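Structure first, then comments.
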Amino acid sequence: MTQKPLDNEINRLLQELIITIGSKGIKEKEIPSRLLFEIYNMSRNNMSKVLSDSATWVDPQLIDTMLDQGIIQRVTSENIEKYALTFKGMAQAIQTKYGKTLEEQFINFLEQSDHKFATTEQTPLSWKEKLASLSLILIASTSTSSAVRLNNDANKTVLDEVFEKTLACLKKFGLVGKNEELKMPSRGEHPVSALMSRVNELARKTNLYYKNAREVSGYYFDVEKDGDIDNKRLFFLLRKIFGYYDPNCNYGEMYKELEEISQFYSPRFMARSTNPMISLSILKGLKEFMNHQVWRLPQQSQCHLAAETTTKQVSKDCKTKELKTRA
């Protein structure tokens, strides 16, 4: 078999992949330098979708050869056998189409990986990462035994409510954009599972405090020490979540809303072991952070609130900056 028909087929599969990946924000001219890195760093679900959507028919005379050489892989889609390029196949196609050698591609991949490693920790949390982080803290998911497990529908339902309440609070007090919404995944995945499976960089951004017990779909922040909350770790996470200090924001009112969420929902999760004192320590730490730590963050000039009515009410209340300690 001559090499040209094989190269033509590989290039055709690459083109199918380029068409699919185009919707992900990668331009044609960036394909040689970014394609492998971007696909490799996708979530499992996104990578699977890209490979599935780009999969297509392959010349039957070339299938065995391409499979034997590790250039393509089978992708079952709606009971129809299709084929997509492997990473080896992508690299070979890039070399053929763009003249970028395997060594050049490998070095480029390493450089991009090094850059990502060096910058991820300094990258601010996205609104979804803020939501997931604050929610886990409020419900005292702070150890392997207290981790919220999403391998049952009851916990998914409760966490979904926590997300809704917490997101509303974050939007009201300007910590996330007022237009951010939790959307229903298109493939029938539960919204809670969808969000938690996509915060892939949260561990790196939070000094590896964020943990994922994959075998039970459990999620938690490792912030306990000697049976109590380690405030140093807790404050680190809260600084990441809040990001800045807004002198116009009523942190006292925000605390009250977060406290209600914590007290109402924390006891409602199944299949975990919790210590009530941990929940109290978290709320105590959150109050201390808002009273004495949040103002140390870089200053934000104004609140970004969800609606004009909310803006007026919160602005009126924003004269009180510190929380009143309960008797």
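Residues are named by chain letter and number: chains run A, B, ... in the order of the structure tokens, numbers start at 1 in each chain, and ligands are numbered from 1 in the order shown.
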
Could you pull out the residues in segment 168-223 of chain A that DSSP calls strand (DSSP E) from the backbone, as JSON, numbers by chain?
{"A": [210, 211, 212, 213, 218, 219, 220, 221]}

Check segment 25-266 of chain A with DSSP on the backbone and list each residue it calls helix (DSSP H, G or I), as a ChimeraX atom specification.
/A:28-40,44-54,60-68,87-98,102-120,127-138,153-172,191-196,202-205,214-216,231-242,251-266

Identify which of the residues A:Gln105, A:Ser197, A:Asn41, A:Thr166 lies closest to Leu134 of chain A, counting only C-alpha atoms when measuring atom-to-atom distances.
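The shortest atom-to-atom distance to Leu134 of chain A comes from A:Thr166.
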
Among listed residues A:Ser281, A:Asn179, A:Asn275, A:Ser186, nearest Asp230 of chain A (using only C-alpha atoms):
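Of A:Ser281, A:Asn179, A:Asn275, A:Ser186, the one nearest Asp230 of chain A, counting only C-alpha atoms, is A:Ser281.
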
Selection near Met47 of chain A, 12 Å with only C-alpha atoms, sequence-local residues under 2 positions removed, as number ranges by chain
A: 17, 20-21, 24, 35-45, 49-54, 84, 86-87, 198

Go ahead and write the selection's residues with N, CA and C atoms as a compact mmCIF listing (two decimals), in the first residue's frame.
# COMPACT_ATOMS: atom_id res chain seq x y z
N LEU A 17 -11.66 16.87 12.62
CA LEU A 17 -11.36 17.28 13.99
C LEU A 17 -11.26 18.80 14.09
N THR A 20 -14.64 20.36 14.10
CA THR A 20 -15.29 20.18 15.41
C THR A 20 -14.69 21.10 16.46
N ILE A 21 -13.37 21.17 16.49
CA ILE A 21 -12.68 21.94 17.52
C ILE A 21 -12.80 23.43 17.28
N LYS A 24 -14.57 25.47 19.71
CA LYS A 24 -13.97 25.59 21.04
C LYS A 24 -13.02 26.77 21.14
N LEU A 35 -3.40 22.34 19.13
CA LEU A 35 -4.41 21.28 19.06
C LEU A 35 -4.19 20.18 20.11
N LEU A 36 -3.00 19.59 20.13
CA LEU A 36 -2.75 18.49 21.05
C LEU A 36 -2.90 18.93 22.50
N PHE A 37 -2.35 20.08 22.82
CA PHE A 37 -2.40 20.58 24.20
C PHE A 37 -3.84 20.85 24.64
N GLU A 38 -4.62 21.49 23.78
CA GLU A 38 -5.99 21.85 24.15
C GLU A 38 -6.86 20.62 24.34
N ILE A 39 -6.73 19.64 23.46
CA ILE A 39 -7.54 18.43 23.60
C ILE A 39 -7.11 17.63 24.82
N TYR A 40 -5.81 17.54 25.04
CA TYR A 40 -5.30 16.78 26.19
C TYR A 40 -5.79 17.37 27.51
N ASN A 41 -5.97 18.68 27.56
CA ASN A 41 -6.37 19.34 28.80
C ASN A 41 -7.87 19.54 28.94
N MET A 42 -8.64 18.96 28.03
CA MET A 42 -10.09 19.01 28.16
C MET A 42 -10.54 18.07 29.28
N SER A 43 -11.73 18.31 29.80
CA SER A 43 -12.32 17.35 30.73
C SER A 43 -12.60 16.06 29.96
N ARG A 44 -12.78 14.99 30.68
CA ARG A 44 -13.06 13.71 30.03
C ARG A 44 -14.30 13.79 29.16
N ASN A 45 -15.33 14.45 29.67
CA ASN A 45 -16.58 14.55 28.92
C ASN A 45 -16.39 15.36 27.63
N LYS A 49 -16.63 14.06 23.78
CA LYS A 49 -17.58 14.67 22.84
C LYS A 49 -16.87 15.12 21.57
N VAL A 50 -15.69 15.73 21.72
CA VAL A 50 -14.94 16.19 20.55
C VAL A 50 -14.55 15.02 19.66
N LEU A 51 -14.03 13.96 20.27
CA LEU A 51 -13.63 12.80 19.48
C LEU A 51 -14.83 12.12 18.83
N SER A 52 -15.94 12.08 19.57
CA SER A 52 -17.15 11.46 19.02
C SER A 52 -17.72 12.29 17.87
N ASP A 53 -17.77 13.63 18.06
CA ASP A 53 -18.33 14.50 17.03
C ASP A 53 -17.47 14.54 15.78
N SER A 54 -16.16 14.34 15.95
CA SER A 54 -15.26 14.40 14.79
C SER A 54 -15.10 13.04 14.12
N ALA A 84 -11.92 7.93 14.87
CA ALA A 84 -11.34 9.24 15.14
C ALA A 84 -9.84 9.08 15.31
N THR A 86 -6.23 9.15 16.95
CA THR A 86 -5.59 9.09 18.26
C THR A 86 -4.67 10.30 18.38
N PHE A 87 -4.06 10.50 19.56
CA PHE A 87 -3.10 11.59 19.69
C PHE A 87 -1.90 11.36 18.77
N ARG A 198 -16.35 19.50 36.08
CA ARG A 198 -15.71 20.46 35.18
C ARG A 198 -14.82 21.48 35.90

What separation in Å, quoted to one decimal, exists between atom CA of Ile80 of chain A and atom CA of Met184 of chain A?
27.0 Å

Can you tell me which residues surround segment 167-170 of chain A at a distance of at most 12 Å, considering only C-alpha atoms, apart from same-chain residues fewer than 6 positions away, and format the answer as a ChimeraX atom specification?
/A:127-135,159-161,176-182,241-242,249-251,253-261,303-307,310,314

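Nearest-residue note for Asn151 of chain A: choosing from A:Gly99, A:Gln122, A:Arg272, A:Lys225, the minimum distance belongs to A:Arg272, counting only C-alpha atoms.
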